[in-house]
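Asker: Below you'll find entry.cif; it's mmCIF, C-alpha atoms.
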data_data
loop_
_atom_site.label_atom_id
_atom_site.label_comp_id
_atom_site.auth_asym_id
_atom_site.auth_seq_id
_atom_site.Cartn_x
_atom_site.Cartn_y
_atom_site.Cartn_z
CA MET C 468 114.46 73.08 107.46
CA ASN C 469 117.76 74.65 108.48
CA ARG C 470 118.29 78.37 109.01
CA ARG C 471 119.86 79.00 105.58
CA SER C 472 117.00 77.27 103.80
CA PHE C 473 114.49 79.25 105.82
CA VAL C 474 116.20 82.58 105.06
CA ALA C 475 116.45 81.71 101.33
CA THR C 476 112.76 80.75 101.27
CA VAL C 477 111.68 83.99 102.96
CA ILE C 478 113.81 86.12 100.64
CA GLY C 479 112.58 84.24 97.58
CA ALA C 480 108.94 84.58 98.65
CA GLY C 481 109.38 88.31 99.29
CA THR C 482 111.00 88.81 95.89
CA GLY C 483 108.21 86.90 94.18
CA LEU C 484 105.53 88.89 95.94
CA SER C 485 107.37 92.12 95.14
CA LEU C 486 107.55 91.25 91.43
CA THR C 487 103.87 90.34 91.47
CA ARG C 488 103.14 93.77 92.96
CA TYR C 489 104.99 95.50 90.10
CA ALA C 490 103.07 93.46 87.54
CA LEU C 491 99.73 94.40 89.12
CA ALA C 492 100.68 98.08 89.31
CA ALA C 493 101.64 98.10 85.63
CA GLY C 494 98.07 97.05 84.73
CA GLU C 495 96.47 100.01 86.52
CA THR C 496 95.17 102.93 84.48
CA PHE C 497 95.23 106.56 85.51
CA GLU C 498 93.84 109.83 84.17
CA ILE C 499 97.38 111.16 83.59
CA THR C 500 99.72 108.77 81.80
CA ARG C 501 103.23 109.21 80.45
CA THR C 502 105.79 106.96 78.85
CA GLU C 503 108.79 105.89 80.90
CA ALA C 504 110.93 108.21 78.75
CA GLU C 505 108.61 111.15 79.55
CA TRP C 506 108.74 110.38 83.29
CA LYS C 507 112.55 110.12 83.20
CA ALA C 508 112.81 113.43 81.34
CA MET C 509 110.70 115.33 83.89
CA LEU C 510 112.04 113.77 87.12
CA SER C 511 115.46 113.59 88.77
CA ASP C 512 116.93 110.13 89.28
CA ARG C 513 115.82 110.05 92.93
CA GLN C 514 112.32 111.31 92.09
CA TYR C 515 111.97 108.66 89.38
CA GLU C 516 113.16 105.89 91.71
CA VAL C 517 110.64 106.88 94.39
CA MET C 518 107.67 107.90 92.26
CA ARG C 519 107.84 105.33 89.46
CA ARG C 520 109.77 102.41 91.02
CA GLU C 521 108.23 102.68 94.50
CA GLY C 522 111.50 103.46 96.25
CA THR C 523 112.01 105.45 99.45
CA GLU C 524 114.09 108.56 99.98
CA PRO C 525 116.48 108.57 102.95
CA ALA C 526 114.93 109.66 106.24
CA PHE C 527 115.51 113.33 107.14
CA SER C 528 116.66 114.15 103.57
CA SER C 529 113.62 116.20 102.53
CA PRO C 530 113.33 119.88 103.48
CA LEU C 531 109.54 119.34 103.39
CA ASP C 532 109.80 117.26 106.57
CA LYS C 533 110.21 120.46 108.61
CA GLN C 534 108.05 122.69 106.38
CA TYR C 535 105.10 123.98 108.43
CA ASP C 536 104.07 127.13 106.56
CA PRO C 537 100.42 127.32 105.47
CA GLY C 538 99.86 125.78 102.07
CA THR C 539 99.16 122.66 100.08
CA TYR C 540 101.35 119.74 99.03
CA HIS C 541 100.80 118.70 95.41
CA CYS C 542 101.85 115.62 93.44
CA ARG C 543 105.11 116.30 91.60
CA GLY C 544 103.91 114.08 88.76
CA CYS C 545 100.60 115.76 87.91
CA ASP C 546 100.08 118.73 90.27
CA LEU C 547 97.05 117.21 92.03
CA ALA C 548 96.52 118.72 95.50
CA LEU C 549 97.17 115.87 97.96
CA TYR C 550 97.78 117.17 101.49
CA SER C 551 97.13 120.36 103.43
CA SER C 552 99.54 121.91 105.91
CA LYS C 553 96.54 121.89 108.31
CA HIS C 554 96.83 118.07 108.47
CA LYS C 555 100.63 117.91 108.81
CA PHE C 556 102.37 116.83 112.01
CA ASP C 557 105.89 115.99 113.15
CA SER C 558 106.00 112.21 113.40
CA GLY C 559 109.72 112.15 114.21
CA THR C 560 110.27 109.62 111.42
CA GLY C 561 112.17 111.91 109.04
CA TRP C 562 109.46 112.05 106.37
CA PRO C 563 106.64 114.56 105.91
CA SER C 564 103.62 113.12 107.73
CA PHE C 565 99.91 113.91 107.51
CA TRP C 566 96.90 112.51 109.33
CA GLN C 567 94.67 112.73 106.24
CA PRO C 568 94.73 113.81 102.56
CA VAL C 569 92.88 116.91 101.30
CA ASN C 570 90.08 114.60 100.19
CA THR C 571 89.55 110.86 100.09
CA SER C 572 89.75 110.64 96.30
CA ALA C 573 93.20 112.31 96.02
CA VAL C 574 95.21 109.41 97.43
CA ALA C 575 94.69 105.76 96.54
CA THR C 576 96.07 102.80 98.48
CA LYS C 577 97.09 99.24 97.80
CA ARG C 578 98.76 96.39 99.67
CA ASP C 579 102.59 96.44 99.58
CA TRP C 580 104.48 93.18 100.20
CA LYS C 581 107.97 94.57 99.46
CA LEU C 582 109.23 93.85 103.00
CA VAL C 583 107.30 90.53 103.18
CA ILE C 584 105.15 91.99 105.97
CA PRO C 585 102.13 93.71 104.38
CA ARG C 586 101.97 97.50 104.48
CA THR C 587 99.54 99.99 102.96
CA GLU C 588 101.16 101.88 100.10
CA CYS C 589 99.68 105.17 98.92
CA HIS C 590 99.92 106.77 95.52
CA CYS C 591 98.45 109.68 93.61
CA SER C 592 95.04 108.69 92.31
CA ARG C 593 95.46 110.77 89.13
CA CYS C 594 98.92 109.70 87.84
CA GLY C 595 99.78 106.69 89.99
CA SER C 596 102.98 108.16 91.41
CA HIS C 597 104.18 106.42 94.56
CA LEU C 598 103.93 108.69 97.59
CA GLY C 599 104.75 106.53 100.60
CA HIS C 600 102.81 104.44 103.11
CA VAL C 601 99.91 104.80 105.53
CA PHE C 602 100.26 103.49 109.08
CA ASN C 603 97.80 103.21 111.96
CA ASP C 604 99.92 105.09 114.49
CA GLY C 605 98.98 108.68 113.73
CA PRO C 606 97.23 111.33 115.83
CA LYS C 607 93.52 111.89 116.34
CA PRO C 608 91.08 112.29 114.78
CA THR C 609 92.00 109.64 112.14
CA GLY C 610 94.76 107.70 113.89
CA LYS C 611 96.52 107.52 110.51
CA ARG C 612 100.04 108.53 109.56
CA HIS C 613 100.58 109.15 105.87
CA CYS C 614 104.37 108.87 105.77
CA ILE C 615 105.24 110.58 102.47
CA ASN C 616 108.43 110.89 100.45
CA GLY C 617 109.17 114.59 100.06
CA VAL C 618 110.50 114.09 96.51
CA SER C 619 106.98 113.08 95.45
CA LEU C 620 105.59 116.43 96.58
CA VAL C 621 105.68 120.09 95.59
CA PHE C 622 104.75 122.59 98.32
CA LYS C 623 102.60 125.55 97.27
CA PRO C 624 102.28 128.31 99.89
CA ALA C 625 98.80 129.59 100.73
#
Do you think you could lay out the structure here as structure tokens?
Answerer:
Amino acid sequence: MNRRSFVATVIGAGTGLSLTRYALAAGETFEITRTEAEWKAMLSDRQYEVMRREGTEPAFSSPLDKQYDPGTYHCRGCDLALYSSKHKFDSGTGWPSFWQPVNTSAVATKRDWKLVIPRTECHCSRCGSHLGHVFNDGPKPTGKRHCINGVSLVFKPA
């Protein structure tokens, strides 16, 4: 197999896995559901792309990355409390980062094959909105880094 064939095969496999992921996500059910038209009406274009199409906002674009006031970060899609400022840390990545959610049932995870290499995607357990990804390079006590798109969150001061 030459280099071009290899690259085409890898890209094709990644696209196929990515499309499979979208198909599986579409079959999930959540407590809060809306039509695509309702989601588009309540979200900006960037919010819709991140929250409903599993996109990613540009690094360092969210003011919530440097927000460290006491409070709680809620899902923009359904207002579920997701993360506490007590669990926030500066990961240096350009996205708001937390070492754990407010409770284990607030954030759900699934395998993400979008970049061919598997990652752990996280989303709101109540409405299914895409939040970001969870990595194993965070601080103690969990060792986790919930790397979250700021457009998926609403900060509510304590």
Asker: So which one's closest to Trp580 of chain C, C:Tyr535, C:Ser564, C:Phe556, C:Glu521? Using all atoms listed in the file, please.
Answerer: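 For Trp580 of chain C, the nearest of the given residues is C:Glu521.
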Asker: Please enumerate the residues selected by the PyMOL selection byres ((chain C and resi 519) around 9) when evaluated against the supplied file, formatted as a PyMOL selection string.
Answerer: chain C and resi 503+506+514-518+520-522+595-597
Asker: Could you write out that same residue set with C-alpha atoms as an mmCIF file, in the frame of the given file?
Answerer:
data_model
loop_
_atom_site.group_PDB
_atom_site.id
_atom_site.type_symbol
_atom_site.label_atom_id
_atom_site.label_comp_id
_atom_site.auth_asym_id
_atom_site.auth_seq_id
_atom_site.Cartn_x
_atom_site.Cartn_y
_atom_site.Cartn_z
ATOM 1 C CA GLU C 503 108.790 105.890 80.900
ATOM 2 C CA TRP C 506 108.740 110.380 83.290
ATOM 3 C CA GLN C 514 112.320 111.310 92.090
ATOM 4 C CA TYR C 515 111.970 108.660 89.380
ATOM 5 C CA GLU C 516 113.160 105.890 91.710
ATOM 6 C CA VAL C 517 110.640 106.880 94.390
ATOM 7 C CA MET C 518 107.670 107.900 92.260
ATOM 8 C CA ARG C 520 109.770 102.410 91.020
ATOM 9 C CA GLU C 521 108.230 102.680 94.500
ATOM 10 C CA GLY C 522 111.500 103.460 96.250
ATOM 11 C CA GLY C 595 99.780 106.690 89.990
ATOM 12 C CA SER C 596 102.980 108.160 91.410
ATOM 13 C CA HIS C 597 104.180 106.420 94.560
#
Asker: For the point (108.5, 107.4, 102.0) in the file's frame, write as a VMD selection string all residues with an atom no more than 7 Å away, counting only C-alpha atoms.
Answerer: chain C and resid 523 to 524 562 598 to 600 614 to 616
Asker: Could you check the closest approach to Thr502 of chain C for each of C:Ser558, C:Cys594, C:Trp566, C:Glu588 and tell me which residue wins, using only C-alpha atoms?
Answerer: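 Ranked by minimum distance to Thr502 of chain C, first place goes to C:Cys594.
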Asker: Compare C:Asp512, C:Asp532, C:Asp557, C:Glu498 by their minimum atom-to-atom distance to Cys545 of chain C, counting all atoms listed in the file, and give me the closest one.
Answerer: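 With all atoms listed in the file as the atom set, the closest residue is C:Glu498.
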Asker: By how many Å are atom CA of Pro563 of chain C and atom CA of Gly617 of chain C apart?
Answerer: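 Straight-line distance from atom CA of Pro563 of chain C to atom CA of Gly617 of chain C works out to 6.4 Å.
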Asker: Between C:Val569, C:Ala526, C:Cys542, C:Val583, which is the closest to Ile499 of chain C once you count all atoms listed in the file?
Answerer: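 Checking each candidate against Ile499 of chain C, we get C:Cys542 as the closest.
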Asker: Between atom CA of Pro525 of chain C and atom CA of His613 of chain C, what distance in Å does the model show, to one decimal?
Answerer: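 Between atom CA of Pro525 of chain C and atom CA of His613 of chain C the gap is 16.2 Å.
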Asker: Please identify all polymer residues within 12 Å of Arg593 of chain C, counting all atoms listed in the file, omitting same-chain residues fewer than 5 positions from it, and present them as a PyMOL selection string.
Answerer: chain C and resi 495-501+541-549+572-575
Asker: Tell me, in Å to one decimal, how far atom CA of Thr539 of chain C is from atom CA of Pro585 of chain C.
Answerer: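 Computed distance, atom CA of Thr539 of chain C to atom CA of Pro585 of chain C, equals 29.4 Å.
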Asker: Which residue out of C:Ser551, C:Lys533, C:Ala504, C:Leu510 has the minimum interatomic distance to Ala625 of chain C when all atoms listed in the file are used?
Answerer: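 The shortest atom-to-atom distance to Ala625 of chain C comes from C:Ser551.
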Asker: Would you mind telling me which residue in C:Lys577, C:Lys607, C:Lys555, C:Lys507 lies nearest to Cys589 of chain C when using only C-alpha atoms?
Answerer: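 Among the listed residues, C:Lys577 lies closest to Cys589 of chain C.
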Asker: Write out as a list of chain:residue names the residues lying within 8 Å of Phe622 of chain C, counting only C-alpha atoms and excluding same-chain residues fewer than 2 positions away.
Answerer: C:Leu531, C:Gly538, C:Thr539, C:Tyr540, C:His541, C:Leu620, C:Pro624
Asker: Would you save the residues of that selection, restricted to C-alpha atoms, as an mmCIF file, in the frame of the given file?
Answerer:
data_model
loop_
_atom_site.group_PDB
_atom_site.id
_atom_site.type_symbol
_atom_site.label_atom_id
_atom_site.label_comp_id
_atom_site.auth_asym_id
_atom_site.auth_seq_id
_atom_site.Cartn_x
_atom_site.Cartn_y
_atom_site.Cartn_z
ATOM 1 C CA LEU C 531 109.540 119.340 103.390
ATOM 2 C CA GLY C 538 99.860 125.780 102.070
ATOM 3 C CA THR C 539 99.160 122.660 100.080
ATOM 4 C CA TYR C 540 101.350 119.740 99.030
ATOM 5 C CA HIS C 541 100.800 118.700 95.410
ATOM 6 C CA LEU C 620 105.590 116.430 96.580
ATOM 7 C CA PRO C 624 102.280 128.310 99.890
#
Asker: Report the residues retrieved by the PyMOL selection byres ((chain C and resi 567) around 8) from the displayed file, expressed as an mmCIF file with C-alpha atoms, keeping the file's coordinate frame.
Answerer:
data_model
loop_
_atom_site.group_PDB
_atom_site.id
_atom_site.type_symbol
_atom_site.label_atom_id
_atom_site.label_comp_id
_atom_site.auth_asym_id
_atom_site.auth_seq_id
_atom_site.Cartn_x
_atom_site.Cartn_y
_atom_site.Cartn_z
ATOM 1 C CA TYR C 550 97.780 117.170 101.490
ATOM 2 C CA HIS C 554 96.830 118.070 108.470
ATOM 3 C CA PHE C 565 99.910 113.910 107.510
ATOM 4 C CA TRP C 566 96.900 112.510 109.330
ATOM 5 C CA PRO C 568 94.730 113.810 102.560
ATOM 6 C CA VAL C 569 92.880 116.910 101.300
ATOM 7 C CA ASN C 570 90.080 114.600 100.190
ATOM 8 C CA THR C 609 92.000 109.640 112.140
ATOM 9 C CA LYS C 611 96.520 107.520 110.510
ATOM 10 C CA ARG C 612 100.040 108.530 109.560
ATOM 11 C CA HIS C 613 100.580 109.150 105.870
#
